[in-house]
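Working notes, structure below.
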Amino acid sequence: MRRLIIPLILIVTGCTNHKGTSTPSINELTELAMNEGGEISILAQKTLGSQLKKSISDNGVTSAVQFCNLAAYPILDTLKIAPNAIIKRASLRVRNQKDEPSDVERAILEQYALSLENDGDLNPVVEVINEKQVLYAKPILLDSPLCLNCHGQAGSQVTSETLKSIQELYPNDNALNHKMGDLRGIWSITFDISELTNYLKNIK
């Protein structure tokens, strides 16, 4: 098995000691981001997953398209987490334009896609973007047949009714014709370094 390796970009400006003040090291901050990012991504996945299943149970498969369009990000915004973070999903095959990846997210997605193609491990990664932000990323795989109702083969797995709803809500959709095991995207969780620093000091 090939292991996915994405090196941390260690930018330490603002994270060194000044005038004897003890400030967490960059290694401590990235370790914290890895731990907290993992917990937040699990919470986000469970929350959206349960709400999506309820929507489908109450209103049918086509409602899932409307749910993802209208409710997904507002639900993520209500999650009570500490330290504060920006939670989003990013993908190389975008349906919702809010999921368009940044340059850093795109590089991570491409590395995951390459690793998946070569049967490599898809481990979460942390990168320091700049002196102010740290990014946690975790792959999202299409691992449930339920997902194929909206992301599978058009005309067979995706019904004409659902396809019509997708085309109406997402005229530039590029997220059809997936199969089980595909890389659907990543959880992208951005932490403010000052938030991480204060949080780490408080829990020590």
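Simple scheme: letters A, B, ... for chains in structure tokens order, numbers from 1 for residues in each chain, numbers from 1 for ligands in the order shown.
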
I'd like the contact shell of stretch 63-68 of chain A - 7 Å cut-off, only C-alpha atoms, skipping same-chain residues fewer than 3 positions apart - returned as a PDB file with C-alpha atoms, in the first residue's frame.
ATOM      1  CA  LEU A  52     -30.388  14.010   4.933  1.00  0.00           C
ATOM      2  CA  SER A  55     -35.407  14.440   4.574  1.00  0.00           C
ATOM      3  CA  ILE A  56     -35.429  11.443   2.244  1.00  0.00           C
ATOM      4  CA  ASN A  59     -40.170  13.613   1.398  1.00  0.00           C
ATOM      5  CA  GLY A  60     -38.451  11.162  -0.959  1.00  0.00           C
ATOM      6  CA  ALA A  71     -29.861  23.365   4.183  1.00  0.00           C
ATOM      7  CA  ALA A  72     -26.373  21.812   4.234  1.00  0.00           C
ATOM      8  CA  SER A 165     -34.300  18.852  -9.898  1.00  0.00           C
ATOM      9  CA  ILE A 166     -30.494  18.768 -10.077  1.00  0.00           C
TER      10      ILE A 166
END

Quiz item: Contacts of A:Pro74 at 12 Å or less, counting only C-alpha atoms, minus same-chain residues fewer than 5 places along, as a PyMOL selection string?
Solution: chain A and resi 44+47-48+67-69+79+87-88

Quiz item: Which of these, A:Ile42, A:Leu163, A:Met34, A:Leu109, has the shortest distance to A:Arg93 once you count only C-alpha atoms?
Solution: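 Under the stated criterion, the closest residue is A:Leu109.
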
Quiz item: Near A:Gly38, within 9 Å and counting only C-alpha atoms, which residues show up once chain neighbours fewer than 2 positions away are dropped, as a PyMOL selection string?
Solution: chain A and resi 33-36+40-43+124+136-138

May I have the selected residues written with N, CA and C atoms, as a PDB file, in the first residue's frame?
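Printed below is part38.pdb as written:
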ATOM      1  N   ALA A  33      -4.822  20.877  15.557  1.00  0.00           N
ATOM      2  CA  ALA A  33      -5.693  20.984  14.388  1.00  0.00           C
ATOM      3  C   ALA A  33      -6.075  19.603  13.855  1.00  0.00           C
ATOM      4  N   MET A  34      -5.138  18.654  13.891  1.00  0.00           N
ATOM      5  CA  MET A  34      -5.430  17.295  13.438  1.00  0.00           C
ATOM      6  C   MET A  34      -6.483  16.646  14.330  1.00  0.00           C
ATOM      7  N   ASN A  35      -6.314  16.778  15.649  1.00  0.00           N
ATOM      8  CA  ASN A  35      -7.257  16.156  16.583  1.00  0.00           C
ATOM      9  C   ASN A  35      -8.632  16.801  16.518  1.00  0.00           C
ATOM     10  N   GLU A  36      -8.661  18.136  16.573  1.00  0.00           N
ATOM     11  CA  GLU A  36      -9.938  18.833  16.569  1.00  0.00           C
ATOM     12  C   GLU A  36     -10.625  18.732  15.208  1.00  0.00           C
ATOM     13  N   ILE A  40     -14.392  17.377  14.503  1.00  0.00           N
ATOM     14  CA  ILE A  40     -15.374  18.248  13.842  1.00  0.00           C
ATOM     15  C   ILE A  40     -15.901  17.595  12.568  1.00  0.00           C
ATOM     16  N   SER A  41     -15.012  16.972  11.792  1.00  0.00           N
ATOM     17  CA  SER A  41     -15.453  16.340  10.545  1.00  0.00           C
ATOM     18  C   SER A  41     -16.419  15.185  10.815  1.00  0.00           C
ATOM     19  N   ILE A  42     -16.173  14.435  11.888  1.00  0.00           N
ATOM     20  CA  ILE A  42     -17.081  13.347  12.261  1.00  0.00           C
ATOM     21  C   ILE A  42     -18.444  13.911  12.659  1.00  0.00           C
ATOM     22  N   LEU A  43     -18.430  14.975  13.466  1.00  0.00           N
ATOM     23  CA  LEU A  43     -19.673  15.611  13.885  1.00  0.00           C
ATOM     24  C   LEU A  43     -20.438  16.160  12.685  1.00  0.00           C
ATOM     25  N   PRO A 124      -6.105  11.748   6.789  1.00  0.00           N
ATOM     26  CA  PRO A 124      -6.290  13.196   6.971  1.00  0.00           C
ATOM     27  C   PRO A 124      -4.939  13.908   6.981  1.00  0.00           C
ATOM     28  N   TYR A 136      -7.227  21.697   8.007  1.00  0.00           N
ATOM     29  CA  TYR A 136      -7.376  20.252   8.179  1.00  0.00           C
ATOM     30  C   TYR A 136      -8.204  19.732   7.015  1.00  0.00           C
ATOM     31  N   ALA A 137      -7.780  18.624   6.412  1.00  0.00           N
ATOM     32  CA  ALA A 137      -8.528  18.038   5.296  1.00  0.00           C
ATOM     33  C   ALA A 137      -8.680  16.530   5.501  1.00  0.00           C
ATOM     34  N   LYS A 138      -9.878  16.038   5.175  1.00  0.00           N
ATOM     35  CA  LYS A 138     -10.178  14.616   5.299  1.00  0.00           C
ATOM     36  C   LYS A 138     -10.991  14.183   4.087  1.00  0.00           C
TER      37      LYS A 138
END

Quiz item: For A:Thr162, which residue out of A:Val128, A:Val134, A:Leu32, A:Cys150 is the nearest one, using only C-alpha atoms?
Solution: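 Under the stated criterion, the closest residue is A:Cys150.
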
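If you look at atom CA of A:Thr190 and atom CA of A:Asn84, they are 8.9 Å away from each other.
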
Quiz item: Of the candidates A:Val94, A:Leu146, A:Ile26, A:Ile86, which one gets nearest to A:Asn172 if we count only C-alpha atoms?
Solution: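 Ranked by minimum distance to A:Asn172, first place goes to A:Val94.
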
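Counting from atom CA of A:Glu110, the distance to atom CA of A:Ser91 is 9.7 Å.
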
Quiz item: Mind checking DSSP for stretch 29-131 of chain A and telling me the strand (DSSP E or B) residues as a list in words?
Solution: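 Everything in stretch 29-131 of chain A that counts as strand (DSSP E or B) is Ala85, Ile86, Ile87, Lys88, Arg89, Ala90, Asp121, Val125, Val126, Glu127 and Val128 of chain A.
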
Those residues with C-alpha atoms, as a PDB file, in the first residue's frame please?
ATOM      1  CA  ALA A  85     -13.376  26.984  12.595  1.00  0.00           C
ATOM      2  CA  ILE A  86     -14.698  27.429   9.065  1.00  0.00           C
ATOM      3  CA  ILE A  87     -16.268  24.163   7.892  1.00  0.00           C
ATOM      4  CA  LYS A  88     -16.815  23.442   4.215  1.00  0.00           C
ATOM      5  CA  ARG A  89     -16.682  20.692   1.663  1.00  0.00           C
ATOM      6  CA  ALA A  90     -14.562  20.920  -1.475  1.00  0.00           C
ATOM      7  CA  ASP A 121      -3.911   5.256   2.057  1.00  0.00           C
ATOM      8  CA  VAL A 125      -3.708  15.942   6.535  1.00  0.00           C
ATOM      9  CA  VAL A 126      -2.953  19.315   8.100  1.00  0.00           C
ATOM     10  CA  GLU A 127      -1.287  22.188   6.307  1.00  0.00           C
ATOM     11  CA  VAL A 128      -0.305  25.585   7.591  1.00  0.00           C
TER      12      VAL A 128
END

Quiz item: Contacts of A:Asn198 at 10 Å or less, counting only C-alpha atoms, minus same-chain residues fewer than 3 places along, as a PyMOL selection string?
Solution: chain A and resi 23-24+83+193-195+201-203

Self-check item: Among the residues A:Leu76, A:Leu142, A:Ile129, A:Leu122, the one that comes closest to A:Phe191 [using only C-alpha atoms]
Solution: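 Closest candidate: A:Ile129.
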
Quiz item: Restricting the calculation to only C-alpha atoms, which member of A:Ala107, A:Leu148, A:Leu70, A:Ile81 is positioned closest to A:Arg184?
Solution: A:Leu148

Please identify all polymer residues within 12 Å of A:Gly181, counting only C-alpha atoms, omitting same-chain residues fewer than 4 positions from it, and present them as a PDB file with N, CA and C atoms, in the first residue's frame.
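Okay, this is what ended up in result_29.pdb:
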ATOM      1  N   ALA A 113      -6.788  11.877  -5.015  1.00  0.00           N
ATOM      2  CA  ALA A 113      -7.229  11.165  -6.221  1.00  0.00           C
ATOM      3  C   ALA A 113      -6.117  10.267  -6.748  1.00  0.00           C
ATOM      4  N   LEU A 116      -5.724   7.292  -4.368  1.00  0.00           N
ATOM      5  CA  LEU A 116      -6.822   6.341  -4.532  1.00  0.00           C
ATOM      6  C   LEU A 116      -6.614   5.503  -5.788  1.00  0.00           C
ATOM      7  N   GLU A 117      -6.148   6.141  -6.842  1.00  0.00           N
ATOM      8  CA  GLU A 117      -5.902   5.444  -8.104  1.00  0.00           C
ATOM      9  C   GLU A 117      -4.816   4.380  -7.952  1.00  0.00           C
ATOM     10  N   ASP A 119      -4.142   2.753  -5.074  1.00  0.00           N
ATOM     11  CA  ASP A 119      -4.435   1.945  -3.885  1.00  0.00           C
ATOM     12  C   ASP A 119      -3.665   2.416  -2.664  1.00  0.00           C
ATOM     13  N   PRO A 139     -10.638  13.070   3.456  1.00  0.00           N
ATOM     14  CA  PRO A 139     -11.364  12.662   2.240  1.00  0.00           C
ATOM     15  C   PRO A 139     -12.792  12.235   2.522  1.00  0.00           C
ATOM     16  N   ILE A 140     -13.663  12.523   1.564  1.00  0.00           N
ATOM     17  CA  ILE A 140     -15.050  12.046   1.590  1.00  0.00           C
ATOM     18  C   ILE A 140     -15.204  11.068   0.431  1.00  0.00           C
ATOM     19  N   LEU A 141     -15.419   9.804   0.763  1.00  0.00           N
ATOM     20  CA  LEU A 141     -15.591   8.780  -0.262  1.00  0.00           C
ATOM     21  C   LEU A 141     -17.072   8.472  -0.443  1.00  0.00           C
ATOM     22  N   LEU A 142     -17.448   8.148  -1.649  1.00  0.00           N
ATOM     23  CA  LEU A 142     -18.821   7.732  -1.913  1.00  0.00           C
ATOM     24  C   LEU A 142     -18.939   6.276  -1.464  1.00  0.00           C
ATOM     25  N   ASP A 143     -19.446   6.092  -0.242  1.00  0.00           N
ATOM     26  CA  ASP A 143     -19.420   4.763   0.372  1.00  0.00           C
ATOM     27  C   ASP A 143     -20.799   4.224   0.732  1.00  0.00           C
ATOM     28  N   SER A 144     -21.844   4.900   0.251  1.00  0.00           N
ATOM     29  CA  SER A 144     -23.208   4.428   0.536  1.00  0.00           C
ATOM     30  C   SER A 144     -24.023   4.401  -0.749  1.00  0.00           C
ATOM     31  N   PRO A 145     -24.761   3.308  -0.990  1.00  0.00           N
ATOM     32  CA  PRO A 145     -25.622   3.257  -2.177  1.00  0.00           C
ATOM     33  C   PRO A 145     -26.633   4.396  -2.205  1.00  0.00           C
ATOM     34  N   CYS A 147     -26.080   7.430  -1.754  1.00  0.00           N
ATOM     35  CA  CYS A 147     -25.493   8.583  -2.447  1.00  0.00           C
ATOM     36  C   CYS A 147     -25.681   8.497  -3.961  1.00  0.00           C
ATOM     37  N   LEU A 148     -25.792   7.263  -4.471  1.00  0.00           N
ATOM     38  CA  LEU A 148     -25.915   7.086  -5.917  1.00  0.00           C
ATOM     39  C   LEU A 148     -27.251   7.587  -6.452  1.00  0.00           C
ATOM     40  N   GLY A 152     -25.077   9.062  -8.861  1.00  0.00           N
ATOM     41  CA  GLY A 152     -24.777   7.910  -9.689  1.00  0.00           C
ATOM     42  C   GLY A 152     -25.033   8.149 -11.170  1.00  0.00           C
ATOM     43  N   GLY A 185     -15.008  14.171  -2.429  1.00  0.00           N
ATOM     44  CA  GLY A 185     -14.448  15.468  -2.073  1.00  0.00           C
ATOM     45  C   GLY A 185     -13.678  15.383  -0.769  1.00  0.00           C
TER      46      GLY A 185
END

Quiz item: Please, which residues of stretch 12-83 of chain A, numbered as in this document, come out alpha helix (DSSP H) from DSSP, as an MDAnalysis selection string?
Solution: chainID A and resid 26:59 62:70 72:78

Quiz prompt | Best match for closeness to A:Tyr112 among A:Thr30, A:Gly37, A:Ser188, A:Leu183, counting only C-alpha atoms | solution =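 Of all the options, A:Leu183 lies closest to A:Tyr112.
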
Self-check item: 9 Å contact set for A:Gln153, only C-alpha atoms, chain neighbours under 4 positions out, as an MDAnalysis selection string
Solution: chainID A and resid 148:149 157:158 176:179
